[in-house]
>>> print(open('protein_35.txt').read())   # compact mmCIF, C-alpha atoms
# COMPACT_ATOMS: atom_id res chain seq x y z
CA MET A 1 138.84 97.79 107.12
CA PRO A 2 137.26 100.30 104.75
CA SER A 3 135.46 99.66 101.50
CA ARG A 4 136.32 102.29 98.89
CA LEU A 5 134.27 103.59 95.98
CA HIS A 6 136.28 105.67 93.52
CA PHE A 7 134.43 108.38 91.58
CA ALA A 8 135.54 109.63 88.18
CA GLU A 9 134.43 113.02 86.90
CA GLU A 10 131.52 111.57 84.93
CA ASP A 11 130.23 109.71 87.99
CA PHE A 12 129.22 112.96 89.65
CA LEU A 13 126.75 113.54 86.81
CA SER A 14 125.13 110.12 87.31
CA CYS A 15 124.40 110.21 91.05
CA ARG A 16 120.73 110.27 91.99
CA PHE A 17 118.25 109.63 94.78
CA ALA A 18 115.48 107.08 94.42
CA VAL A 19 112.60 105.52 96.33
CA SER A 20 111.68 101.89 95.71
CA PRO A 21 108.48 100.14 96.85
CA LEU A 22 110.00 96.85 95.63
CA TRP A 23 113.01 97.33 97.90
CA GLU A 24 110.80 98.08 100.91
CA THR A 25 108.80 94.94 100.18
CA GLN A 26 111.96 92.83 100.10
CA ASP A 27 113.23 94.38 103.33
CA VAL A 28 109.91 93.75 105.07
CA VAL A 29 110.59 90.05 104.43
CA ARG A 30 114.07 90.37 105.97
CA THR A 31 112.73 92.32 108.94
CA LEU A 32 110.19 89.63 109.76
CA LYS A 33 113.05 87.12 110.13
CA ARG A 34 115.58 89.32 111.95
CA PRO A 35 114.62 90.38 115.51
CA GLU A 36 117.40 92.98 115.62
CA ARG A 37 115.40 95.01 113.09
CA HIS A 38 112.15 94.98 115.07
CA GLY A 39 112.80 97.87 117.47
CA TYR A 40 111.27 100.83 115.60
CA HIS A 41 108.60 98.69 113.96
CA ALA A 42 107.18 96.83 116.97
CA ARG A 43 103.76 98.49 116.75
CA TRP A 44 103.47 97.76 113.04
CA LEU A 45 104.70 94.18 113.47
CA ARG A 46 102.01 93.49 116.07
CA ARG A 47 99.36 94.88 113.75
CA VAL A 48 100.39 92.83 110.69
CA ALA A 49 101.33 89.62 112.54
CA PRO A 50 98.12 87.72 111.66
CA ALA A 51 98.44 88.55 107.95
CA ALA A 52 102.18 87.79 107.92
CA ALA A 53 101.56 84.39 109.50
CA ARG A 54 99.42 83.40 106.51
CA LEU A 55 102.26 84.03 104.04
CA ASP A 56 104.81 81.40 103.02
CA LEU A 57 108.04 83.40 103.13
CA THR A 58 110.39 80.41 103.12
CA PRO A 59 111.34 80.69 99.42
CA LEU A 60 112.30 84.35 99.80
CA TRP A 61 114.18 83.75 103.05
CA LEU A 62 116.21 81.06 101.29
CA LEU A 63 117.72 83.81 99.11
CA MET A 64 118.34 86.22 102.01
CA PRO A 65 121.32 84.67 103.84
CA ARG A 66 122.45 86.37 107.04
CA PHE A 67 125.90 86.88 105.56
CA GLY A 68 125.88 86.72 101.80
CA ASN A 69 124.14 87.86 98.66
CA THR A 70 120.54 88.23 97.59
CA PRO A 71 120.29 87.90 93.79
CA ASP A 72 120.33 91.31 92.14
CA TRP A 73 117.66 90.26 89.64
CA LEU A 74 115.22 89.81 92.52
CA ALA A 75 115.94 93.21 94.10
CA PRO A 76 117.51 95.43 91.42
CA PRO A 77 118.23 99.13 91.91
CA PRO A 78 115.11 101.26 91.30
CA ILE A 79 114.27 102.05 87.69
CA GLY A 80 113.43 105.69 88.44
CA PRO A 81 113.19 108.27 91.23
CA ALA A 82 109.57 107.45 92.06
CA ALA A 83 108.77 104.13 90.37
CA ARG A 84 105.50 102.31 91.08
CA PHE A 85 105.57 98.78 92.45
CA GLU A 86 103.82 97.50 89.32
CA GLU A 87 106.65 98.84 87.17
CA GLU A 88 109.34 97.34 89.37
CA ILE A 89 107.78 93.88 89.69
CA ALA A 90 107.30 93.83 85.90
CA ALA A 91 111.08 94.35 85.57
CA VAL A 92 111.66 91.42 87.94
CA ARG A 93 109.37 89.20 85.88
CA ALA A 94 111.31 90.20 82.75
CA ALA A 95 114.65 89.03 84.20
CA ASP A 96 116.84 86.94 81.89
CA PRO A 97 116.49 83.32 83.09
CA GLU A 98 120.13 82.36 82.54
CA ALA A 99 121.48 85.44 84.32
CA ALA A 100 118.97 84.86 87.12
CA ARG A 101 120.10 81.25 87.40
CA GLU A 102 123.75 82.27 87.87
CA GLU A 103 122.96 84.91 90.49
CA THR A 104 120.61 82.55 92.34
CA ALA A 105 123.23 79.80 92.44
CA ARG A 106 125.71 82.21 94.08
CA SER A 107 123.10 83.24 96.64
CA LEU A 108 122.11 79.65 97.46
CA ALA A 109 125.77 78.80 98.01
CA ASP A 110 125.85 81.31 100.90
CA THR A 111 123.31 79.24 102.87
CA PRO A 112 124.59 75.79 103.95
CA GLY A 113 122.61 73.05 102.22
CA ALA A 114 120.47 75.39 100.08
CA LEU A 115 122.24 74.68 96.81
CA ALA A 116 121.61 70.93 97.12
CA SER A 117 118.08 71.25 98.52
CA GLU A 118 115.07 70.07 96.55
CA ARG A 119 113.87 73.65 96.01
CA GLY A 120 117.34 74.89 95.07
CA ARG A 121 117.80 72.13 92.47
CA ALA A 122 114.32 72.76 91.02
CA TRP A 123 114.99 76.48 90.67
CA LEU A 124 118.30 75.97 88.88
CA ALA A 125 116.76 73.35 86.58
CA ASP A 126 113.92 75.70 85.54
CA PRO A 127 114.93 79.34 86.13
CA ALA A 128 111.96 80.73 84.18
CA ARG A 129 109.58 79.00 86.61
CA MET A 130 111.74 80.21 89.52
CA ILE A 131 111.32 83.81 88.38
CA ARG A 132 107.54 83.42 88.24
CA GLU A 133 107.33 81.79 91.68
CA LEU A 134 109.50 84.35 93.44
CA ALA A 135 107.89 87.33 91.70
CA ASP A 136 104.49 86.00 92.79
CA ALA A 137 105.75 85.69 96.37
CA VAL A 138 107.08 89.25 96.41
CA GLU A 139 103.84 90.56 94.93
CA GLU A 140 101.80 88.80 97.62
CA VAL A 141 103.92 90.42 100.35
CA TRP A 142 103.42 93.82 98.73
CA TYR A 143 99.64 93.65 98.59
CA THR A 144 99.28 91.99 101.99
CA LEU A 145 101.76 93.90 104.17
CA VAL A 146 103.17 96.95 102.41
CA ALA A 147 100.59 98.50 100.08
CA PRO A 148 98.10 99.39 102.86
CA ASP A 149 100.77 101.53 104.57
CA TRP A 150 102.61 102.69 101.45
CA PRO A 151 101.31 106.31 101.57
CA ARG A 152 102.83 106.70 105.05
CA LEU A 153 106.08 104.95 104.06
CA ARG A 154 106.41 106.89 100.83
CA ALA A 155 105.89 110.21 102.62
CA LEU A 156 108.76 109.46 105.02
CA LEU A 157 111.08 108.30 102.23
CA GLU A 158 110.32 111.32 100.05
CA ALA A 159 110.86 113.62 103.03
CA ASP A 160 114.30 112.06 103.46
CA VAL A 161 115.10 112.62 99.79
CA ALA A 162 113.88 116.23 100.02
CA PHE A 163 116.05 116.89 103.07
CA HIS A 164 119.20 115.34 101.62
CA SER A 165 118.62 116.99 98.24
CA ARG A 166 118.67 120.36 99.97
CA ARG A 167 121.82 119.37 101.83
CA LEU A 168 123.40 118.26 98.54
CA ALA A 169 122.77 121.73 97.12
CA GLU A 170 124.28 123.31 100.23
CA VAL A 171 127.35 121.17 100.90
CA GLY A 172 127.92 119.07 97.75
CA LEU A 173 128.27 115.32 97.46
CA GLY A 174 131.48 115.16 99.49
CA GLY A 175 129.82 116.98 102.36
CA LEU A 176 126.55 115.08 102.15
CA LEU A 177 127.74 111.47 102.22
CA PRO A 178 129.31 111.59 105.71
CA GLU A 179 126.10 113.23 106.97
CA ILE A 180 123.94 110.38 105.66
CA ASN A 181 125.76 107.79 107.74
CA ARG A 182 128.62 108.03 110.19
CA ARG A 183 130.37 105.07 108.53
CA PHE A 184 130.71 107.04 105.30
CA GLY A 185 133.81 109.14 104.67
CA TRP A 186 134.86 111.24 101.70
CA HIS A 187 138.27 112.31 100.51
CA ALA A 188 139.53 113.32 97.09
CA GLY A 189 136.75 111.69 95.10
CA THR A 190 136.69 108.45 97.08
CA LEU A 191 133.83 107.28 99.31
CA THR A 192 135.00 105.07 102.15
CA VAL A 193 132.69 102.86 104.18
CA GLU A 194 133.90 101.35 107.45
CA TYR A 195 133.26 97.67 107.00
CA ARG A 196 134.45 94.26 108.13
CA GLY A 197 136.36 93.63 104.87
CA GLU A 198 138.38 95.67 102.40
CA HIS A 199 136.99 96.25 98.91
CA GLU A 200 137.91 98.53 96.02
CA ARG A 201 135.32 99.59 93.43
CA ARG A 202 135.54 102.04 90.55
CA LEU A 203 132.19 103.38 89.44
CA ASP A 204 133.39 103.70 85.83
CA GLY A 205 130.82 106.30 84.84
CA ARG A 206 127.81 104.47 86.27
CA GLY A 207 127.43 106.90 89.17
CA LEU A 208 125.67 106.00 92.40
CA VAL A 209 122.05 105.58 93.50
CA LEU A 210 121.34 106.80 97.04
CA MET A 211 118.20 105.16 98.38
CA PRO A 212 116.60 105.71 101.80
CA SER A 213 114.80 102.74 103.31
CA VAL A 214 112.38 102.36 106.21
CA PHE A 215 113.10 98.70 106.99
CA VAL A 216 116.87 98.44 106.33
CA TRP A 217 117.80 99.81 109.79
CA PRO A 218 120.23 99.17 111.46
CA ASP A 219 122.11 98.14 108.32
CA VAL A 220 123.44 99.97 105.31
CA VAL A 221 123.37 97.83 102.18
CA SER A 222 125.52 98.08 99.09
CA THR A 223 125.16 96.47 95.70
CA PHE A 224 127.75 97.01 92.99
CA GLU A 225 127.71 94.05 90.64
CA PRO A 226 127.54 94.95 86.92
CA PRO A 227 125.39 95.52 84.96
CA TRP A 228 123.42 97.11 87.80
CA GLN A 229 124.07 100.69 88.81
CA PRO A 230 125.96 100.82 92.14
CA THR A 231 123.55 101.58 94.97
CA LEU A 232 123.79 102.50 98.65
CA VAL A 233 120.69 101.88 100.77
CA TYR A 234 120.61 103.66 104.11
CA PRO A 235 118.10 104.11 106.99
CA ALA A 236 115.66 106.95 106.34
CA ARG A 237 115.40 109.86 108.75
CA GLY A 238 112.49 109.87 111.19
CA ILE A 239 111.71 106.16 111.46
CA GLY A 240 111.38 106.52 115.23
CA GLY A 241 108.06 108.34 114.80
CA LEU A 242 106.81 106.47 111.75
CA TRP A 243 104.15 104.37 113.44
CA ALA A 244 103.06 106.94 116.01
CA GLU A 245 99.36 107.71 115.89
CA PRO A 246 98.17 111.32 115.47
CA ALA A 247 97.55 113.23 118.68
CA ALA A 248 94.08 112.74 120.08
CA GLY A 249 93.48 116.37 120.88
CA THR A 250 94.14 119.77 119.31
CA PRO A 251 94.71 122.85 121.49
CA GLU A 252 91.59 124.96 121.35
CA ALA A 253 93.52 128.21 120.87
CA LEU A 254 94.97 126.97 117.57
CA VAL A 255 91.65 125.47 116.56
CA ARG A 256 89.93 128.82 117.10
CA LEU A 257 92.63 130.52 115.03
CA LEU A 258 92.84 128.10 112.09
CA GLY A 259 89.89 125.73 112.40
CA ARG A 260 90.22 122.11 113.52
CA GLY A 261 91.06 120.62 110.12
CA ARG A 262 93.71 123.19 109.18
CA ALA A 263 95.27 123.00 112.65
CA ALA A 264 95.54 119.20 112.35
CA VAL A 265 97.15 119.46 108.90
CA LEU A 266 99.70 122.02 110.08
CA ALA A 267 100.50 119.85 113.10
CA ALA A 268 101.08 116.77 110.96
CA LEU A 269 103.76 118.37 108.78
CA ASP A 270 106.78 117.62 110.96
CA GLU A 271 108.28 116.35 107.68
CA PRO A 272 107.31 117.29 104.11
CA ALA A 273 104.31 115.27 102.91
CA GLY A 274 101.75 115.11 100.12
CA THR A 275 97.97 115.23 100.17
CA THR A 276 97.41 111.47 100.03
CA ALA A 277 99.84 110.72 102.86
CA LEU A 278 98.32 113.40 105.08
CA ALA A 279 94.80 112.20 104.37
CA HIS A 280 95.82 108.66 105.28
CA ARG A 281 97.58 109.81 108.47
CA LEU A 282 94.77 112.09 109.65
CA ARG A 283 91.91 109.90 108.41
CA LEU A 284 90.43 112.80 106.43
CA ALA A 285 89.13 112.97 102.87
CA PRO A 286 91.88 113.93 100.39
CA SER A 287 89.67 116.74 99.05
CA SER A 288 89.42 118.25 102.54
CA VAL A 289 93.16 117.98 103.13
CA SER A 290 93.85 119.56 99.73
CA ALA A 291 91.62 122.53 100.57
CA HIS A 292 93.32 122.98 103.97
CA LEU A 293 96.77 122.84 102.36
CA MET A 294 95.87 125.51 99.82
CA THR A 295 94.56 127.81 102.55
CA LEU A 296 97.63 127.32 104.74
CA ARG A 297 99.93 127.95 101.78
CA GLU A 298 98.10 131.13 100.81
CA ALA A 299 98.42 132.30 104.43
CA GLY A 300 102.20 131.91 104.26
CA LEU A 301 102.35 128.93 106.64
CA LEU A 302 103.40 126.32 104.04
CA LEU A 303 105.59 125.97 100.98
CA SER A 304 104.96 123.48 98.18
CA ARG A 305 107.18 121.86 95.56
CA ARG A 306 106.85 119.03 93.09
CA TYR A 307 108.62 115.67 93.54
CA GLY A 308 107.92 113.15 90.78
CA HIS A 309 104.13 112.87 90.44
CA GLN A 310 103.46 114.44 93.83
CA VAL A 311 103.37 117.90 95.38
CA LEU A 312 105.01 117.96 98.82
CA TYR A 313 104.16 120.54 101.47
CA GLU A 314 106.31 121.76 104.34
CA ARG A 315 106.05 124.47 106.96
CA THR A 316 107.54 127.92 106.51
CA PRO A 317 109.34 129.48 109.49
CA LEU A 318 106.04 131.17 110.39
CA GLY A 319 104.24 127.82 110.20
CA ILE A 320 106.90 126.18 112.37
CA ALA A 321 106.61 128.93 114.97
CA LEU A 322 102.83 128.73 115.00
CA ALA A 323 102.80 124.94 115.33
CA ALA A 324 105.38 125.09 118.12
CA GLY A 325 103.40 127.78 119.91
CA GLY A 326 100.36 125.54 119.71
CA GLY A 327 102.29 122.73 121.36
CA PHE A 328 102.60 120.59 118.25
CA ALA A 329 106.27 120.49 117.34
CA GLN A 330 107.57 117.18 118.60
CA SER A 331 110.65 115.27 117.54
CA PRO A 332 110.02 111.56 117.08
CA GLU A 333 110.72 109.76 120.34
CA GLY A 334 113.47 107.18 120.21
CA ALA A 335 114.49 108.06 116.68
CA GLY A 336 118.13 108.00 117.77
CA PHE A 337 119.49 110.46 115.23
CA SER A 338 120.67 114.03 115.18
CA GLU A 339 120.28 116.73 112.56
CA GLY A 340 123.90 116.45 111.56
CA THR A 341 124.05 112.71 110.91
CA GLY A 342 120.67 112.05 109.32
CA SER A 343 120.67 108.38 110.26
CA PRO A 344 119.79 106.29 113.30
CA GLU A 345 122.53 105.61 115.83
CA GLY A 346 124.43 102.37 115.59
CA ALA A 347 123.65 101.66 111.93
CA GLY A 348 125.62 98.72 110.62
CA PHE A 349 126.71 97.79 107.11
CA SER A 350 126.17 94.74 105.00
CA GLU A 351 126.70 93.78 101.37
CA ARG A 352 124.05 92.13 99.26
>>> encode(input="protein_35.txt", output="structure tokens")
Amino acid sequence: MPSRLHFAEEDFLSCRFAVSPLWETQDVVRTLKRPERHGYHARWLRRVAPAAARLDLTPLWLLMPRFGNTPDWLAPPPIGPAARFEEEIAAVRAADPEAAREETARSLADTPGALASERGRAWLADPARMIRELADAVEEVWYTLVAPDWPRLRALLEADVAFHSRRLAEVGLGGLLPEINRRFGWHAGTLTVEYRGEHERRLDGRGLVLMPSVFVWPDVVSTFEPPWQPTLVYPARGIGGLWAEPAAGTPEALVRLLGRGRAAVLAALDEPAGTTALAHRLRLAPSSVSAHLMTLREAGLLLSRRYGHQVLYERTPLGIALAAGGGFAQSPEGAGFSEGTGSPEGAGFSER
């Protein structure tokens, strides 16, 4: 049965893309508990396993039922297109205790026994303390597991937004949504999502946030409850190659033409990326990467554009041809998506 989102004219003016480090942190916690999400992240999971084992994730897992709701106050829609984690966790800490208590009670009810558990009763008796405890737990996950890899994650998410923003300009919202995920359909101002239940929602001028996620695969997640802005979270493009290490060698012909550093930078731009992400990926100094990017752009091999606080670089057709001729252009192995769909095969759908 389909779920339907009905757009009014004003809703088209309130649709936006966003990237959320808070959301990725929350979904890392889910991924650690759900083996069906491990496929594309096996290399990363092996690397972080010792650090993850030292974290007490039980309180967060209690509010992440397999079938049910996570409280919106704990994982709200992003506050801006490129918010920092510190801004988002501050918003969580500022949640209204009574509203948080009501949402938490609904979430606990979706896990048998949780509502009557000692921890559940303590949270509902003192919601202000509950907010502090859970915000502290999320923050610990961020600094332990996510922040060290955030430049790489952010680069992939921003590349997804850049790609779909271009497609939005080319085909409009009605053409874009079915491309993002095969379960999405569009007809006469209504977005349909193939789902296990039937739901009707009117956006009522709030619009829709479209948010790519690294760790949500294979699900698509929706949150609609007022007063939050309705949000669709979908698997980002390119996750199949996310944890691949840079190639060990660089063809000497391209090195002689461009120099080793510039050849490596050109090779790494399979997706648009910024200076910090490239420096992290290539293990080079940001100043060196910045100089290489400027030279490649001046030579007509790259284009640059601003996204939020960052400048993203991508290859021009000449840069693509040169990288391919040097043996660099590789599609991520096992990514399981095609250019037309923009999402991994077999993505499911769940409601928060």
>>> residues_around(input="protein_35.txt", residues="Arg84 in chain A", least_positions_apart="2", cutoff="8 Å", atoms="all atoms listed in the file", output="list in words")
Ser20, Pro21, Ala82, Glu86, Glu87 and Glu88 of chain A
>>> atom_distance(input="protein_35.txt", atom1="CA of Val193 in chain A", atom2="CA of Pro65 in chain A")
21.5 Å
>>> closest_residue(input="protein_35.txt", among="A:Arg119, A:Arg283, A:Arg182, A:Arg93", to="Glu194 in chain A", atoms="only C-alpha atoms")
A:Arg182
>>> residues_around(input="protein_35.txt", residues="range 37-52 of chain A", least_positions_apart="2", cutoff="9 Å", atoms="all atoms listed in the file", output="count of residues only")
26
>>> closest_atom_pairs(input="protein_35.txt", of="range 111-176 of chain A", to="range 257-277 of chain A", cutoff="9 Å", atoms="all atoms listed in the file", output="Markdown table")
| residue | atom | partner | partner_atom | distance |
| --- | --- | --- | --- | --- |
| A:Trp150 | CA | A:Ala277 | CA | 8.6 |
| A:Pro151 | CA | A:Ala277 | CA | 4.8 |
| A:Arg152 | CA | A:Ala277 | CA | 5.5 |
| A:Leu153 | CA | A:Ala277 | CA | 8.6 |
| A:Arg154 | CA | A:Ala277 | CA | 7.9 |
| A:Ala155 | CA | A:Ala273 | CA | 5.3 |
| A:Leu156 | CA | A:Glu271 | CA | 7.4 |
| A:Glu158 | CA | A:Ala273 | CA | 7.7 |
| A:Ala159 | CA | A:Pro272 | CA | 5.2 |
| A:Asp160 | CA | A:Glu271 | CA | 8.5 |
| A:Ala162 | CA | A:Pro272 | CA | 7.8 |
| A:Phe163 | CA | A:Pro272 | CA | 8.8 |
